[in-house]
>>> print(open('entry_35.txt').read())   # compact mmCIF, N, CA, C and O atoms
# COMPACT_ATOMS: atom_id res chain seq x y z
N MET A 52 83.36 97.33 -69.97
CA MET A 52 83.25 95.96 -70.45
C MET A 52 81.79 95.52 -70.32
O MET A 52 81.22 95.56 -69.23
N PRO A 53 81.18 95.10 -71.41
CA PRO A 53 79.77 94.67 -71.35
C PRO A 53 79.60 93.41 -70.51
O PRO A 53 80.51 92.56 -70.42
N LEU A 54 78.43 93.28 -69.91
CA LEU A 54 78.13 92.07 -69.14
C LEU A 54 77.93 90.87 -70.05
O LEU A 54 78.22 89.74 -69.67
N LEU A 55 77.40 91.13 -71.26
CA LEU A 55 77.17 90.07 -72.24
C LEU A 55 77.20 90.70 -73.62
O LEU A 55 76.56 91.72 -73.84
N ASN A 56 77.96 90.12 -74.51
CA ASN A 56 78.01 90.60 -75.89
C ASN A 56 77.09 89.75 -76.75
O ASN A 56 77.10 88.52 -76.63
N TRP A 57 76.31 90.40 -77.62
CA TRP A 57 75.49 89.65 -78.56
C TRP A 57 76.41 88.94 -79.53
O TRP A 57 77.40 89.48 -80.00
N ASP A 58 76.07 87.71 -79.80
CA ASP A 58 76.85 86.89 -80.72
C ASP A 58 75.86 85.98 -81.43
O ASP A 58 74.90 85.51 -80.81
N ASP A 59 76.09 85.73 -82.70
CA ASP A 59 75.16 84.88 -83.45
C ASP A 59 75.05 83.48 -82.88
O ASP A 59 74.09 82.76 -83.18
N ARG A 60 75.97 83.08 -82.03
CA ARG A 60 75.84 81.79 -81.36
C ARG A 60 74.65 81.77 -80.41
O ARG A 60 74.20 80.71 -79.99
N LEU A 61 74.13 82.95 -80.07
CA LEU A 61 72.96 83.04 -79.19
C LEU A 61 71.65 82.89 -79.96
O LEU A 61 70.59 82.80 -79.35
N LEU A 62 71.72 82.90 -81.26
CA LEU A 62 70.51 82.76 -82.08
C LEU A 62 69.85 81.41 -81.85
O LEU A 62 70.53 80.39 -81.75
N VAL A 63 68.51 81.43 -81.78
CA VAL A 63 67.76 80.18 -81.68
C VAL A 63 67.07 79.85 -83.00
O VAL A 63 66.51 78.78 -83.16
N GLY A 64 67.08 80.81 -83.94
CA GLY A 64 66.53 80.56 -85.26
C GLY A 64 65.06 80.91 -85.41
O GLY A 64 64.46 80.66 -86.45
N VAL A 65 64.47 81.51 -84.38
CA VAL A 65 63.09 81.99 -84.43
C VAL A 65 63.18 83.50 -84.25
O VAL A 65 63.49 83.98 -83.15
N GLU A 66 62.93 84.25 -85.32
CA GLU A 66 63.21 85.69 -85.32
C GLU A 66 62.57 86.44 -84.15
O GLU A 66 63.25 87.26 -83.52
N PRO A 67 61.29 86.21 -83.83
CA PRO A 67 60.73 86.96 -82.68
C PRO A 67 61.49 86.67 -81.38
O PRO A 67 61.71 87.58 -80.58
N MET A 68 61.89 85.43 -81.16
CA MET A 68 62.66 85.09 -79.96
C MET A 68 64.05 85.72 -80.02
O MET A 68 64.54 86.25 -79.01
N ASP A 69 64.68 85.63 -81.19
CA ASP A 69 66.01 86.21 -81.33
C ASP A 69 65.97 87.71 -81.07
O ASP A 69 66.86 88.26 -80.42
N GLN A 70 64.94 88.39 -81.54
CA GLN A 70 64.82 89.83 -81.32
C GLN A 70 64.64 90.13 -79.83
O GLN A 70 65.26 91.05 -79.30
N THR A 71 63.83 89.34 -79.16
CA THR A 71 63.64 89.52 -77.72
C THR A 71 64.95 89.30 -76.98
O THR A 71 65.28 90.03 -76.04
N HIS A 72 65.74 88.31 -77.42
CA HIS A 72 67.03 88.06 -76.79
C HIS A 72 68.01 89.20 -77.04
O HIS A 72 68.77 89.58 -76.15
N ARG A 73 67.98 89.77 -78.24
CA ARG A 73 68.84 90.94 -78.52
C ARG A 73 68.47 92.10 -77.60
O ARG A 73 69.35 92.81 -77.08
N GLU A 74 67.16 92.30 -77.42
CA GLU A 74 66.70 93.38 -76.54
C GLU A 74 67.17 93.14 -75.12
O GLU A 74 67.59 94.08 -74.43
N PHE A 75 67.12 91.88 -74.66
CA PHE A 75 67.59 91.55 -73.32
C PHE A 75 69.07 91.90 -73.17
O PHE A 75 69.46 92.52 -72.17
N VAL A 76 69.87 91.52 -74.15
CA VAL A 76 71.31 91.81 -74.09
C VAL A 76 71.55 93.32 -74.05
O VAL A 76 72.41 93.80 -73.29
N GLU A 77 70.79 94.08 -74.83
CA GLU A 77 70.94 95.53 -74.83
C GLU A 77 70.56 96.13 -73.47
O GLU A 77 71.26 96.99 -72.93
N LEU A 78 69.45 95.67 -72.90
CA LEU A 78 69.03 96.18 -71.59
C LEU A 78 70.03 95.79 -70.50
O LEU A 78 70.30 96.59 -69.59
N LEU A 79 70.58 94.60 -70.59
CA LEU A 79 71.61 94.19 -69.64
C LEU A 79 72.83 95.10 -69.77
O LEU A 79 73.42 95.50 -68.77
N GLY A 80 73.17 95.45 -71.01
CA GLY A 80 74.28 96.37 -71.24
C GLY A 80 74.02 97.74 -70.64
O GLY A 80 74.91 98.37 -70.06
N GLU A 81 72.78 98.23 -70.79
CA GLU A 81 72.42 99.53 -70.20
C GLU A 81 72.59 99.49 -68.69
O GLU A 81 73.10 100.44 -68.09
N LEU A 82 72.15 98.40 -68.08
CA LEU A 82 72.30 98.26 -66.63
C LEU A 82 73.77 98.25 -66.25
O LEU A 82 74.19 98.94 -65.31
N GLY A 83 74.58 97.50 -66.96
CA GLY A 83 76.00 97.44 -66.67
C GLY A 83 76.68 98.79 -66.79
O GLY A 83 77.47 99.18 -65.93
N ARG A 84 76.35 99.53 -67.86
CA ARG A 84 76.94 100.87 -68.04
C ARG A 84 76.51 101.81 -66.93
O ARG A 84 77.33 102.58 -66.41
N ALA A 85 75.23 101.76 -66.55
CA ALA A 85 74.74 102.65 -65.49
C ALA A 85 75.39 102.29 -64.15
O ALA A 85 75.77 103.18 -63.39
N ALA A 86 75.55 101.01 -63.89
CA ALA A 86 76.16 100.58 -62.62
C ALA A 86 77.63 100.99 -62.55
O ALA A 86 78.13 101.34 -61.48
N GLN A 87 78.32 100.95 -63.68
CA GLN A 87 79.73 101.32 -63.71
C GLN A 87 79.94 102.82 -63.56
O GLN A 87 81.03 103.27 -63.23
N ALA A 88 78.88 103.59 -63.77
CA ALA A 88 79.01 105.05 -63.71
C ALA A 88 79.21 105.55 -62.28
O ALA A 88 79.62 106.68 -62.08
N GLY A 89 78.93 104.72 -61.30
CA GLY A 89 79.18 105.11 -59.91
C GLY A 89 77.95 105.64 -59.22
O GLY A 89 76.84 105.65 -59.76
N SER A 90 78.14 106.11 -58.01
CA SER A 90 77.02 106.50 -57.15
C SER A 90 76.24 107.69 -57.68
O SER A 90 75.07 107.86 -57.34
N ASP A 91 76.85 108.51 -58.52
CA ASP A 91 76.13 109.65 -59.08
C ASP A 91 75.02 109.18 -60.03
O ASP A 91 74.11 109.95 -60.33
N ALA A 92 75.10 107.96 -60.48
CA ALA A 92 74.13 107.45 -61.45
C ALA A 92 73.23 106.38 -60.85
O ALA A 92 72.67 105.57 -61.58
N ASP A 93 73.08 106.37 -59.54
CA ASP A 93 72.24 105.34 -58.91
C ASP A 93 70.83 105.34 -59.47
O ASP A 93 70.26 104.28 -59.69
N ALA A 94 70.26 106.50 -59.70
CA ALA A 94 68.90 106.57 -60.25
C ALA A 94 68.85 105.96 -61.65
O ALA A 94 67.89 105.26 -61.99
N ASP A 95 69.88 106.20 -62.45
CA ASP A 95 69.94 105.62 -63.79
C ASP A 95 70.06 104.10 -63.71
O ASP A 95 69.43 103.38 -64.48
N ALA A 96 70.87 103.61 -62.78
CA ALA A 96 71.04 102.17 -62.62
C ALA A 96 69.74 101.53 -62.16
O ALA A 96 69.35 100.47 -62.65
N PHE A 97 69.05 102.17 -61.24
CA PHE A 97 67.77 101.65 -60.76
C PHE A 97 66.75 101.61 -61.89
O PHE A 97 66.03 100.62 -62.05
N ALA A 98 66.69 102.67 -62.69
CA ALA A 98 65.76 102.71 -63.82
C ALA A 98 66.11 101.62 -64.84
O ALA A 98 65.22 100.96 -65.39
N ALA A 99 67.40 101.41 -65.09
CA ALA A 99 67.83 100.37 -66.03
C ALA A 99 67.45 98.99 -65.49
O ALA A 99 67.03 98.12 -66.24
N LEU A 100 67.61 98.79 -64.19
CA LEU A 100 67.23 97.52 -63.57
C LEU A 100 65.73 97.29 -63.70
O LEU A 100 65.29 96.18 -64.03
N GLU A 101 64.94 98.32 -63.47
CA GLU A 101 63.48 98.18 -63.62
C GLU A 101 63.11 97.81 -65.05
O GLU A 101 62.23 96.96 -65.26
N ARG A 102 63.75 98.44 -66.04
CA ARG A 102 63.47 98.10 -67.45
C ARG A 102 63.85 96.65 -67.75
O ARG A 102 63.12 95.93 -68.44
N LEU A 103 64.97 96.22 -67.22
CA LEU A 103 65.41 94.84 -67.43
C LEU A 103 64.44 93.85 -66.79
O LEU A 103 64.08 92.84 -67.40
N ILE A 104 63.99 94.13 -65.59
CA ILE A 104 63.04 93.25 -64.90
C ILE A 104 61.73 93.19 -65.69
O ILE A 104 61.19 92.09 -65.93
N GLU A 105 61.21 94.34 -66.09
CA GLU A 105 59.96 94.36 -66.85
C GLU A 105 60.10 93.56 -68.15
O GLU A 105 59.23 92.77 -68.50
N HIS A 106 61.20 93.78 -68.85
CA HIS A 106 61.44 93.06 -70.10
C HIS A 106 61.51 91.55 -69.84
O HIS A 106 60.94 90.76 -70.59
N THR A 107 62.21 91.15 -68.78
CA THR A 107 62.40 89.73 -68.49
C THR A 107 61.07 89.06 -68.15
O THR A 107 60.81 87.94 -68.62
N VAL A 108 60.24 89.71 -67.38
CA VAL A 108 58.92 89.16 -67.05
C VAL A 108 58.12 88.96 -68.33
O VAL A 108 57.55 87.88 -68.57
N LEU A 109 58.07 89.99 -69.18
CA LEU A 109 57.33 89.87 -70.44
C LEU A 109 57.96 88.83 -71.36
O LEU A 109 57.25 88.09 -72.04
N HIS A 110 59.27 88.78 -71.37
CA HIS A 110 60.03 87.83 -72.19
C HIS A 110 59.62 86.39 -71.86
O HIS A 110 59.25 85.61 -72.75
N PHE A 111 59.66 86.04 -70.59
CA PHE A 111 59.32 84.68 -70.20
C PHE A 111 57.84 84.39 -70.42
O PHE A 111 57.48 83.28 -70.84
N ARG A 112 56.98 85.36 -70.16
CA ARG A 112 55.55 85.17 -70.41
C ARG A 112 55.31 84.90 -71.89
O ARG A 112 54.55 83.99 -72.26
N GLN A 113 55.97 85.67 -72.74
CA GLN A 113 55.81 85.50 -74.18
C GLN A 113 56.33 84.14 -74.64
O GLN A 113 55.66 83.46 -75.43
N GLU A 114 57.47 83.74 -74.17
CA GLU A 114 58.02 82.44 -74.57
C GLU A 114 57.16 81.29 -74.08
O GLU A 114 56.99 80.28 -74.77
N GLU A 115 56.57 81.43 -72.89
CA GLU A 115 55.65 80.39 -72.40
C GLU A 115 54.45 80.27 -73.33
O GLU A 115 54.01 79.16 -73.65
N GLU A 116 53.91 81.41 -73.77
CA GLU A 116 52.78 81.38 -74.71
C GLU A 116 53.17 80.73 -76.03
O GLU A 116 52.40 79.96 -76.59
N TRP A 117 54.36 81.03 -76.52
CA TRP A 117 54.82 80.43 -77.78
C TRP A 117 54.95 78.91 -77.63
O TRP A 117 54.67 78.17 -78.57
N MET A 118 55.42 78.45 -76.48
CA MET A 118 55.62 77.01 -76.29
C MET A 118 54.29 76.26 -76.19
O MET A 118 54.25 75.08 -76.52
N VAL A 119 53.23 76.95 -75.76
CA VAL A 119 51.92 76.30 -75.72
C VAL A 119 51.46 76.08 -77.14
O VAL A 119 50.98 75.10 -77.56
>>> encode(input="entry_35.txt", output="C-alpha cells")
Amino acid sequence: MPLLNWDDRLLVGVEPMDQTHREFVELLGELGRAAQAGSDADADAFAALERLIEHTVLHFRQEEEWMV
C-alpha cells in the first residue's frame, strides 16, 4: 500500500511545482516499498530515505526562490 497516491487534486497549476510534487510522491513511494521489504532491505530503505531528504531540501529551497 503506497504512503501517498498521486492524484490530480494535488496539482497546484504550476507545472514545475507539480513535477517536483510528483517526484516527491514517487520518492516517498520508494521509501515505503523499501521499508516494507523488511530487515534484509535496510540499506535500500536508508538510501531511499536519503534520496527523499535530499529531494525535500532542494524542493523547499526551490519553492522559496520561486516565491521571491
>>> residues_around(input="entry_35.txt", residues="Glu81 in chain A", least_positions_apart="2", cutoff="10 Å", atoms="only C-alpha atoms", output="PyMOL selection string")
chain A and resi 53-54+75-79+83-87+95-96+98-100+102-103
>>> write_last_selection(input="entry_35.txt", atoms="N, CA, C and O atoms", output="PDB file, in the frame of the given file")
ATOM      1  N   PRO A  53      81.180  95.100 -71.410  1.00  0.00           N
ATOM      2  CA  PRO A  53      79.770  94.670 -71.350  1.00  0.00           C
ATOM      3  C   PRO A  53      79.600  93.410 -70.510  1.00  0.00           C
ATOM      4  O   PRO A  53      80.510  92.560 -70.420  1.00  0.00           O
ATOM      5  N   LEU A  54      78.430  93.280 -69.910  1.00  0.00           N
ATOM      6  CA  LEU A  54      78.130  92.070 -69.140  1.00  0.00           C
ATOM      7  C   LEU A  54      77.930  90.870 -70.050  1.00  0.00           C
ATOM      8  O   LEU A  54      78.220  89.740 -69.670  1.00  0.00           O
ATOM      9  N   PHE A  75      67.120  91.880 -74.660  1.00  0.00           N
ATOM     10  CA  PHE A  75      67.590  91.550 -73.320  1.00  0.00           C
ATOM     11  C   PHE A  75      69.070  91.900 -73.170  1.00  0.00           C
ATOM     12  O   PHE A  75      69.460  92.520 -72.170  1.00  0.00           O
ATOM     13  N   VAL A  76      69.870  91.520 -74.150  1.00  0.00           N
ATOM     14  CA  VAL A  76      71.310  91.810 -74.090  1.00  0.00           C
ATOM     15  C   VAL A  76      71.550  93.320 -74.050  1.00  0.00           C
ATOM     16  O   VAL A  76      72.410  93.800 -73.290  1.00  0.00           O
ATOM     17  N   GLU A  77      70.790  94.080 -74.830  1.00  0.00           N
ATOM     18  CA  GLU A  77      70.940  95.530 -74.830  1.00  0.00           C
ATOM     19  C   GLU A  77      70.560  96.130 -73.470  1.00  0.00           C
ATOM     20  O   GLU A  77      71.260  96.990 -72.930  1.00  0.00           O
ATOM     21  N   LEU A  78      69.450  95.670 -72.900  1.00  0.00           N
ATOM     22  CA  LEU A  78      69.030  96.180 -71.590  1.00  0.00           C
ATOM     23  C   LEU A  78      70.030  95.790 -70.500  1.00  0.00           C
ATOM     24  O   LEU A  78      70.300  96.590 -69.590  1.00  0.00           O
ATOM     25  N   LEU A  79      70.580  94.600 -70.590  1.00  0.00           N
ATOM     26  CA  LEU A  79      71.610  94.190 -69.640  1.00  0.00           C
ATOM     27  C   LEU A  79      72.830  95.100 -69.770  1.00  0.00           C
ATOM     28  O   LEU A  79      73.420  95.500 -68.770  1.00  0.00           O
ATOM     29  N   GLY A  83      74.580  97.500 -66.960  1.00  0.00           N
ATOM     30  CA  GLY A  83      76.000  97.440 -66.670  1.00  0.00           C
ATOM     31  C   GLY A  83      76.680  98.790 -66.790  1.00  0.00           C
ATOM     32  O   GLY A  83      77.470  99.180 -65.930  1.00  0.00           O
ATOM     33  N   ARG A  84      76.350  99.530 -67.860  1.00  0.00           N
ATOM     34  CA  ARG A  84      76.940 100.870 -68.040  1.00  0.00           C
ATOM     35  C   ARG A  84      76.510 101.810 -66.930  1.00  0.00           C
ATOM     36  O   ARG A  84      77.330 102.580 -66.410  1.00  0.00           O
ATOM     37  N   ALA A  85      75.230 101.760 -66.550  1.00  0.00           N
ATOM     38  CA  ALA A  85      74.740 102.650 -65.490  1.00  0.00           C
ATOM     39  C   ALA A  85      75.390 102.290 -64.150  1.00  0.00           C
ATOM     40  O   ALA A  85      75.770 103.180 -63.390  1.00  0.00           O
ATOM     41  N   ALA A  86      75.550 101.010 -63.890  1.00  0.00           N
ATOM     42  CA  ALA A  86      76.160 100.580 -62.620  1.00  0.00           C
ATOM     43  C   ALA A  86      77.630 100.990 -62.550  1.00  0.00           C
ATOM     44  O   ALA A  86      78.130 101.340 -61.480  1.00  0.00           O
ATOM     45  N   GLN A  87      78.320 100.950 -63.680  1.00  0.00           N
ATOM     46  CA  GLN A  87      79.730 101.320 -63.710  1.00  0.00           C
ATOM     47  C   GLN A  87      79.940 102.820 -63.560  1.00  0.00           C
ATOM     48  O   GLN A  87      81.030 103.270 -63.230  1.00  0.00           O
ATOM     49  N   ASP A  95      69.880 106.200 -62.450  1.00  0.00           N
ATOM     50  CA  ASP A  95      69.940 105.620 -63.790  1.00  0.00           C
ATOM     51  C   ASP A  95      70.060 104.100 -63.710  1.00  0.00           C
ATOM     52  O   ASP A  95      69.430 103.380 -64.480  1.00  0.00           O
ATOM     53  N   ALA A  96      70.870 103.610 -62.780  1.00  0.00           N
ATOM     54  CA  ALA A  96      71.040 102.170 -62.620  1.00  0.00           C
ATOM     55  C   ALA A  96      69.740 101.530 -62.160  1.00  0.00           C
ATOM     56  O   ALA A  96      69.350 100.470 -62.650  1.00  0.00           O
ATOM     57  N   ALA A  98      66.690 102.670 -62.690  1.00  0.00           N
ATOM     58  CA  ALA A  98      65.760 102.710 -63.820  1.00  0.00           C
ATOM     59  C   ALA A  98      66.110 101.620 -64.840  1.00  0.00           C
ATOM     60  O   ALA A  98      65.220 100.960 -65.390  1.00  0.00           O
ATOM     61  N   ALA A  99      67.400 101.410 -65.090  1.00  0.00           N
ATOM     62  CA  ALA A  99      67.830 100.370 -66.030  1.00  0.00           C
ATOM     63  C   ALA A  99      67.450  98.990 -65.490  1.00  0.00           C
ATOM     64  O   ALA A  99      67.030  98.120 -66.240  1.00  0.00           O
ATOM     65  N   LEU A 100      67.610  98.790 -64.190  1.00  0.00           N
ATOM     66  CA  LEU A 100      67.230  97.520 -63.570  1.00  0.00           C
ATOM     67  C   LEU A 100      65.730  97.290 -63.700  1.00  0.00           C
ATOM     68  O   LEU A 100      65.290  96.180 -64.030  1.00  0.00           O
ATOM     69  N   ARG A 102      63.750  98.440 -66.040  1.00  0.00           N
ATOM     70  CA  ARG A 102      63.470  98.100 -67.450  1.00  0.00           C
ATOM     71  C   ARG A 102      63.850  96.650 -67.750  1.00  0.00           C
ATOM     72  O   ARG A 102      63.120  95.930 -68.440  1.00  0.00           O
ATOM     73  N   LEU A 103      64.970  96.220 -67.220  1.00  0.00           N
ATOM     74  CA  LEU A 103      65.410  94.840 -67.430  1.00  0.00           C
ATOM     75  C   LEU A 103      64.440  93.850 -66.790  1.00  0.00           C
ATOM     76  O   LEU A 103      64.080  92.840 -67.400  1.00  0.00           O
TER      77      LEU A 103
END
>>> atom_distance(input="entry_35.txt", atom1="CA of Trp57 in chain A", atom2="CA of Arg73 in chain A")
6.8 Å
>>> residues_around(input="entry_35.txt", residues="range 60-68 of chain A", least_positions_apart="5", cutoff="9 Å", atoms="only C-alpha atoms", output="compact mmCIF listing (two decimals) with N, CA, C and O atoms, in the coordinates of the input")
# COMPACT_ATOMS: atom_id res chain seq x y z
N ARG A 73 67.98 89.77 -78.24
CA ARG A 73 68.84 90.94 -78.52
C ARG A 73 68.47 92.10 -77.60
O ARG A 73 69.35 92.81 -77.08
N HIS A 110 59.27 88.78 -71.37
CA HIS A 110 60.03 87.83 -72.19
C HIS A 110 59.62 86.39 -71.86
O HIS A 110 59.25 85.61 -72.75
N GLN A 113 55.97 85.67 -72.74
CA GLN A 113 55.81 85.50 -74.18
C GLN A 113 56.33 84.14 -74.64
O GLN A 113 55.66 83.46 -75.43
N GLU A 114 57.47 83.74 -74.17
CA GLU A 114 58.02 82.44 -74.57
C GLU A 114 57.16 81.29 -74.08
O GLU A 114 56.99 80.28 -74.77
>>> atom_distance(input="entry_35.txt", atom1="CA of Arg112 in chain A", atom2="CA of Asp93 in chain A")
28.6 Å
>>> closest_residue(input="entry_35.txt", among="A:Gly80, A:Val119, A:Glu74, A:Asp58", to="His106 in chain A", atoms="all atoms listed in the file")
A:Glu74
>>> atom_distance(input="entry_35.txt", atom1="CA of Phe97 in chain A", atom2="CA of Leu82 in chain A")
8.2 Å
>>> select_by_dssp(input="entry_35.txt", residues="chain A", states="alpha helix (DSSP H)", output="number ranges by chain")
A: 66-87, 93-118
>>> decode(input="entry_35.txt", residues="range 57-82 of chain A", atoms="N, CA and C atoms", output="short mmCIF file (atom, residue, chain, number, x, y, z; two decimals), in the first residue's frame")
data_model
loop_
_atom_site.label_atom_id
_atom_site.label_comp_id
_atom_site.auth_asym_id
_atom_site.auth_seq_id
_atom_site.Cartn_x
_atom_site.Cartn_y
_atom_site.Cartn_z
N TRP A 57 -0.46 9.70 -6.02
CA TRP A 57 -0.60 10.93 -6.78
C TRP A 57 -2.03 11.04 -7.27
N ASP A 58 -2.56 12.22 -7.16
CA ASP A 58 -3.92 12.48 -7.59
C ASP A 58 -3.94 13.91 -8.12
N ASP A 59 -4.70 14.15 -9.16
CA ASP A 59 -4.75 15.49 -9.74
C ASP A 59 -5.25 16.54 -8.75
N ARG A 60 -5.85 16.13 -7.66
CA ARG A 60 -6.24 17.09 -6.63
C ARG A 60 -5.02 17.72 -5.97
N LEU A 61 -3.85 17.10 -6.15
CA LEU A 61 -2.61 17.64 -5.59
C LEU A 61 -1.98 18.70 -6.49
N LEU A 62 -2.50 18.85 -7.68
CA LEU A 62 -1.96 19.84 -8.62
C LEU A 62 -2.13 21.25 -8.07
N VAL A 63 -1.09 22.08 -8.26
CA VAL A 63 -1.19 23.49 -7.89
C VAL A 63 -1.33 24.37 -9.12
N GLY A 64 -1.14 23.78 -10.30
CA GLY A 64 -1.33 24.52 -11.54
C GLY A 64 -0.08 25.21 -12.07
N VAL A 65 1.05 24.98 -11.43
CA VAL A 65 2.34 25.50 -11.90
C VAL A 65 3.18 24.27 -12.23
N GLU A 66 3.40 24.02 -13.52
CA GLU A 66 3.99 22.75 -13.95
C GLU A 66 5.30 22.41 -13.25
N PRO A 67 6.26 23.35 -13.11
CA PRO A 67 7.50 22.96 -12.41
C PRO A 67 7.24 22.51 -10.97
N MET A 68 6.32 23.16 -10.28
CA MET A 68 5.98 22.74 -8.91
C MET A 68 5.27 21.40 -8.92
N ASP A 69 4.33 21.24 -9.85
CA ASP A 69 3.61 19.97 -9.93
C ASP A 69 4.57 18.82 -10.21
N GLN A 70 5.55 19.04 -11.07
CA GLN A 70 6.52 17.99 -11.37
C GLN A 70 7.35 17.65 -10.13
N THR A 71 7.76 18.67 -9.39
CA THR A 71 8.52 18.44 -8.16
C THR A 71 7.67 17.65 -7.17
N HIS A 72 6.38 17.97 -7.09
CA HIS A 72 5.49 17.25 -6.18
C HIS A 72 5.30 15.80 -6.62
N ARG A 73 5.22 15.57 -7.92
CA ARG A 73 5.12 14.18 -8.42
C ARG A 73 6.38 13.39 -8.03
N GLU A 74 7.53 14.04 -8.18
CA GLU A 74 8.80 13.39 -7.82
C GLU A 74 8.81 13.05 -6.33
N PHE A 75 8.31 13.97 -5.50
CA PHE A 75 8.25 13.72 -4.06
C PHE A 75 7.40 12.49 -3.76
N VAL A 76 6.23 12.42 -4.40
CA VAL A 76 5.33 11.28 -4.17
C VAL A 76 6.01 9.97 -4.60
N GLU A 77 6.73 10.00 -5.72
CA GLU A 77 7.43 8.80 -6.18
C GLU A 77 8.53 8.39 -5.20
N LEU A 78 9.31 9.36 -4.73
CA LEU A 78 10.37 9.04 -3.77
C LEU A 78 9.80 8.53 -2.45
N LEU A 79 8.68 9.10 -2.02
CA LEU A 79 8.03 8.62 -0.81
C LEU A 79 7.57 7.17 -1.02
N GLY A 80 7.06 6.87 -2.21
CA GLY A 80 6.66 5.51 -2.53
C GLY A 80 7.84 4.54 -2.50
N GLU A 81 8.99 4.98 -3.03
CA GLU A 81 10.19 4.14 -2.99
C GLU A 81 10.58 3.83 -1.56
N LEU A 82 10.52 4.85 -0.71
CA LEU A 82 10.85 4.64 0.70
C LEU A 82 9.87 3.65 1.34
#
